[in-house]
Amino acid sequence: MIGLKKVLAALSLAAFVVSMAPMPADAAASVTRIKDIAKVQGVRSNQLVGYGLVVGLAGTGDSNKALETVQSIGNMLKAFGVSINPSSLKPDNVAAVMVTATLPPFSREGDTIDVTVSSLGDADSIQGGTLIQTPLRAGNGEVYAVAQGPVSTGGFIVGNSGSKAQKNFPTVGTTPNGAIVEKSVEDDLGQDGTLSLSLAQPDFTTCSRMVQTINSQFGGIARAANPGRIDISIPAYYRGNVVGFIASLEELPVVPDNIAKIVMNERTGTIVMGGNVSVDECAITQGGLSIRVEKTTDVSQPDPLTYGSTIVANNTNVNVKEGQGNTIVLPATADVSDIVGALNAVGATPRDTISILQAMKASGALHADLELI
């Protein structure tokens, strides 16, 4: 049975995080910069990946079962003019790894970037090893950087007599500034006199407002191609200063529009509601139902001086108790605090609140998208 004490206890739990403070009518329509809700098309990073070897390990490398490591060592030595039978190798001090990195936009030859080194075989740890020269390729197969350097994992493994303790992941490490950019990604940003903005969350209203803001500042240079893209013609007086023009665009204020949404996490009981959530008049009933199953054991002993035997009997009792239901009428409102206040008045726990919101959405009384994470 859900009572006042349970309601207060539920509200005191940190797991029940709800945006329930009363908001002014224009709180949801906050002004932000174009820079925070859109980006210039073509300004993007590129993923790089490569296969390499980490050497210099203290017996924590791959075993003989890692055939890729044995073959890689043989191929590497052959490139240096050393011929050896791969089957005779013991790669305890070597580990095969995958090297990944992100090439930032506008990187040029000679720039350095961080790389992540991850064990590919059965190595115990790559701590203290050195990554030897590894080409890093993009999705088109071309080499854009070369990585090499010491590997730092930030973890360890210690053990003795069968016991072992591990901290973090010693099979994954990083090499700060370990890759040198060998080929830059060519960019022609604004070279043809145009550029495009991509909205982080495509929306018809937000896109239209952005176009109006840009045109009111620079004239009729912007056109909405779709809810997620705005095509812009660079003014003639900015043709030689595209960076300055983009900086001016990014600082323009705009009022983004968002759909009404409620995000719920059933595992933690977290519920976050936007300020633009509204409901129609509806009635909510929340009753308490308690089911308790008890098991008892009875022992039956035979009478003295008889040939009977002891009998053990298991008994199960099921008690069902239904508490008094609570009903509250919720008037039509545009204030999210009224929704939360009504659910709290019913005595709903976070899990109950999620179920009630889902039922309200199914009935058509709740005007918001429900997202369960």
# chains A, B, ... in the order shown; residues from 1 in each chain; ligands from 1
>>> residues_around(residues="Lys35 in chain A", least_positions_apart="4", cutoff="8 Å", atoms="only C-alpha atoms", output="JSON, numbers by chain")
{"A": [39, 249, 250, 251]}
>>> select_by_dssp(residues="range 23-169 of chain A", states="strand (DSSP E or B)", output="PyMOL selection string")
chain A and resi 32-33+38-40+46-55+94-103+112-119+130-137+143-150+152+156-160+163-167
>>> select_by_dssp(residues="range 77-284 of chain A", states="helix (DSSP H, G or I)", output="count of residues only")
36
>>> residues_around(residues="range 177-186 of chain A", least_positions_apart="2", cutoff="10 Å", atoms="only C-alpha atoms", output="PyMOL selection string")
chain A and resi 45-46+101+103-116+131+133-136+142-151+174-175+188-189
>>> write_last_selection(atoms="N, CA and C atoms", output="JSON list (two decimals), in the first residue's frame")
[["chain", "number", "residue", "atom", "x", "y", "z"],
["A", 45, "SER", "N", 36.17, 15.00, -38.87],
["A", 45, "SER", "CA", 37.34, 14.18, -38.59],
["A", 45, "SER", "C", 37.31, 12.93, -39.45],
["A", 46, "ASN", "N", 38.44, 12.23, -39.50],
["A", 46, "ASN", "CA", 38.54, 10.99, -40.25],
["A", 46, "ASN", "C", 39.19, 9.93, -39.37],
["A", 101, "ALA", "N", 43.31, 5.82, -34.59],
["A", 101, "ALA", "CA", 43.51, 7.25, -34.34],
["A", 101, "ALA", "C", 42.43, 8.03, -35.08],
["A", 103, "LEU", "N", 41.97, 11.56, -37.22],
["A", 103, "LEU", "CA", 42.64, 12.67, -37.90],
["A", 103, "LEU", "C", 41.73, 13.89, -37.85],
["A", 104, "PRO", "N", 42.09, 14.91, -37.07],
["A", 104, "PRO", "CA", 41.22, 16.10, -36.95],
["A", 104, "PRO", "C", 41.11, 16.84, -38.28],
["A", 105, "PRO", "N", 40.07, 17.62, -38.43],
["A", 105, "PRO", "CA", 39.96, 18.42, -39.66],
["A", 105, "PRO", "C", 41.07, 19.46, -39.75],
["A", 106, "PHE", "N", 41.48, 19.74, -40.97],
["A", 106, "PHE", "CA", 42.50, 20.76, -41.27],
["A", 106, "PHE", "C", 43.88, 20.38, -40.74],
["A", 107, "SER", "N", 44.13, 19.09, -40.47],
["A", 107, "SER", "CA", 45.48, 18.66, -40.08],
["A", 107, "SER", "C", 46.39, 18.72, -41.29],
["A", 108, "ARG", "N", 47.63, 19.12, -41.05],
["A", 108, "ARG", "CA", 48.59, 19.25, -42.13],
["A", 108, "ARG", "C", 49.75, 18.30, -41.91],
["A", 109, "GLU", "N", 50.57, 18.10, -42.95],
["A", 109, "GLU", "CA", 51.73, 17.24, -42.84],
["A", 109, "GLU", "C", 52.66, 17.71, -41.73],
["A", 110, "GLY", "N", 53.10, 16.77, -40.92],
["A", 110, "GLY", "CA", 53.99, 17.09, -39.82],
["A", 110, "GLY", "C", 53.29, 17.25, -38.49],
["A", 111, "ASP", "N", 51.96, 17.41, -38.49],
["A", 111, "ASP", "CA", 51.23, 17.48, -37.22],
["A", 111, "ASP", "C", 51.26, 16.12, -36.53],
["A", 112, "THR", "N", 51.13, 16.12, -35.22],
["A", 112, "THR", "CA", 51.10, 14.87, -34.47],
["A", 112, "THR", "C", 49.73, 14.66, -33.85],
["A", 113, "ILE", "N", 49.31, 13.40, -33.76],
["A", 113, "ILE", "CA", 48.03, 13.03, -33.18],
["A", 113, "ILE", "C", 48.22, 11.85, -32.23],
["A", 114, "ASP", "N", 47.30, 11.69, -31.29],
["A", 114, "ASP", "CA", 47.35, 10.58, -30.35],
["A", 114, "ASP", "C", 46.83, 9.31, -31.01],
["A", 115, "VAL", "N", 47.34, 8.16, -30.56],
["A", 115, "VAL", "CA", 46.88, 6.87, -31.08],
["A", 115, "VAL", "C", 46.51, 5.97, -29.92],
["A", 116, "THR", "N", 45.61, 5.05, -30.18],
["A", 116, "THR", "CA", 45.21, 4.03, -29.22],
["A", 116, "THR", "C", 45.69, 2.68, -29.71],
["A", 131, "LEU", "N", 55.62, 0.58, -29.60],
["A", 131, "LEU", "CA", 54.99, 0.35, -30.89],
["A", 131, "LEU", "C", 55.97, 0.70, -31.99],
["A", 133, "GLN", "N", 57.01, 1.18, -36.09],
["A", 133, "GLN", "CA", 56.40, 1.99, -37.14],
["A", 133, "GLN", "C", 55.22, 1.28, -37.79],
["A", 134, "THR", "N", 54.06, 1.94, -37.70],
["A", 134, "THR", "CA", 52.81, 1.37, -38.17],
["A", 134, "THR", "C", 52.08, 2.37, -39.07],
["A", 135, "PRO", "N", 51.87, 2.07, -40.34],
["A", 135, "PRO", "CA", 51.09, 2.96, -41.20],
["A", 135, "PRO", "C", 49.62, 2.95, -40.79],
["A", 136, "LEU", "N", 48.99, 4.11, -40.80],
["A", 136, "LEU", "CA", 47.58, 4.25, -40.46],
["A", 136, "LEU", "C", 46.81, 4.65, -41.71],
["A", 142, "GLU", "N", 44.18, 4.69, -48.22],
["A", 142, "GLU", "CA", 45.40, 5.48, -48.32],
["A", 142, "GLU", "C", 45.99, 5.75, -46.94],
["A", 143, "VAL", "N", 47.31, 5.84, -46.86],
["A", 143, "VAL", "CA", 48.01, 6.10, -45.61],
["A", 143, "VAL", "C", 48.04, 7.60, -45.35],
["A", 144, "TYR", "N", 47.53, 8.00, -44.17],
["A", 144, "TYR", "CA", 47.50, 9.40, -43.80],
["A", 144, "TYR", "C", 48.40, 9.73, -42.62],
["A", 145, "ALA", "N", 48.87, 8.72, -41.90],
["A", 145, "ALA", "CA", 49.75, 8.95, -40.76],
["A", 145, "ALA", "C", 50.55, 7.70, -40.48],
["A", 146, "VAL", "N", 51.65, 7.87, -39.76],
["A", 146, "VAL", "CA", 52.51, 6.75, -39.34],
["A", 146, "VAL", "C", 52.72, 6.87, -37.84],
["A", 147, "ALA", "N", 52.49, 5.77, -37.11],
["A", 147, "ALA", "CA", 52.57, 5.78, -35.65],
["A", 147, "ALA", "C", 53.77, 4.99, -35.16],
["A", 148, "GLN", "N", 54.38, 5.46, -34.09],
["A", 148, "GLN", "CA", 55.48, 4.77, -33.44],
["A", 148, "GLN", "C", 55.76, 5.44, -32.10],
["A", 149, "GLY", "N", 56.12, 4.63, -31.09],
["A", 149, "GLY", "CA", 56.48, 5.20, -29.81],
["A", 149, "GLY", "C", 56.11, 4.31, -28.65],
["A", 150, "PRO", "N", 56.48, 4.71, -27.42],
["A", 150, "PRO", "CA", 56.18, 3.92, -26.22],
["A", 150, "PRO", "C", 54.69, 3.89, -25.92],
["A", 151, "VAL", "N", 54.24, 2.77, -25.34],
["A", 151, "VAL", "CA", 52.82, 2.57, -25.04],
["A", 151, "VAL", "C", 52.61, 2.69, -23.53],
["A", 174, "THR", "N", 47.77, 3.85, -24.86],
["A", 174, "THR", "CA", 47.82, 5.02, -25.72],
["A", 174, "THR", "C", 49.27, 5.45, -25.94],
["A", 175, "THR", "N", 49.47, 6.12, -27.04],
["A", 175, "THR", "CA", 50.76, 6.74, -27.33],
["A", 175, "THR", "C", 50.50, 8.20, -27.66],
["A", 188, "ASP", "N", 38.21, 22.37, -49.57],
["A", 188, "ASP", "CA", 37.92, 23.50, -50.44],
["A", 188, "ASP", "C", 36.77, 24.31, -49.85],
["A", 189, "LEU", "N", 36.88, 24.55, -48.54],
["A", 189, "LEU", "CA", 35.81, 25.22, -47.81],
["A", 189, "LEU", "C", 35.56, 26.60, -48.38]]
>>> atom_distance(atom1="CA of Ile271 in chain A", atom2="CA of Leu199 in chain A")
26.4 Å
>>> residues_around(residues="Ile232 in chain A", least_positions_apart="4", cutoff="9 Å", atoms="only C-alpha atoms", output="list in words")
Gly193, Thr194, Leu195, Ser196, Leu197, Ile221, Ala222, Arg223 and Ala224 of chain A
>>> write_last_selection(atoms="N, CA and C atoms", output="short mmCIF file (atom, residue, chain, number, x, y, z; two decimals), in the first residue's frame")
data_model
loop_
_atom_site.label_atom_id
_atom_site.label_comp_id
_atom_site.auth_asym_id
_atom_site.auth_seq_id
_atom_site.Cartn_x
_atom_site.Cartn_y
_atom_site.Cartn_z
N GLY A 193 32.39 29.71 -53.41
CA GLY A 193 31.51 30.81 -53.02
C GLY A 193 30.30 30.38 -52.23
N THR A 194 30.21 29.09 -51.87
CA THR A 194 29.06 28.60 -51.11
C THR A 194 29.54 27.69 -49.99
N LEU A 195 28.69 27.53 -49.00
CA LEU A 195 28.92 26.56 -47.94
C LEU A 195 27.56 26.15 -47.39
N SER A 196 27.56 25.09 -46.60
CA SER A 196 26.31 24.56 -46.06
C SER A 196 26.46 24.33 -44.56
N LEU A 197 25.36 24.53 -43.84
CA LEU A 197 25.28 24.25 -42.42
C LEU A 197 24.42 23.02 -42.20
N ILE A 221 21.00 35.48 -48.37
CA ILE A 221 22.07 34.58 -48.80
C ILE A 221 21.82 33.14 -48.39
N ALA A 222 20.83 32.89 -47.53
CA ALA A 222 20.60 31.55 -46.98
C ALA A 222 19.31 30.97 -47.53
N ARG A 223 19.34 29.66 -47.76
CA ARG A 223 18.16 28.93 -48.24
C ARG A 223 18.14 27.56 -47.58
N ALA A 224 16.98 27.16 -47.08
CA ALA A 224 16.84 25.86 -46.43
C ALA A 224 16.62 24.80 -47.50
#
>>> residues_around(residues="range 66-68 of chain A", least_positions_apart="2", cutoff="9 Å", atoms="only C-alpha atoms", output="MDAnalysis selection string")
chainID A and resid 62:64 70:73 91 95:96 120:122
>>> residues_around(residues="Val211 in chain A", least_positions_apart="3", cutoff="12 Å", atoms="only C-alpha atoms", output="number ranges by chain")
A: 34, 196-197, 199, 204-208, 214-232, 249, 252-256
>>> residues_around(residues="Gly141 in chain A", least_positions_apart="6", cutoff="12 Å", atoms="only C-alpha atoms", output="list in words")
Gln47, Leu48, Val49, Gly50 and Pro135 of chain A
>>> atom_distance(atom1="CA of Ala58 in chain A", atom2="CA of Asn93 in chain A")
5.8 Å
>>> atom_distance(atom1="CA of Leu89 in chain A", atom2="CA of Gly56 in chain A")
14.8 Å
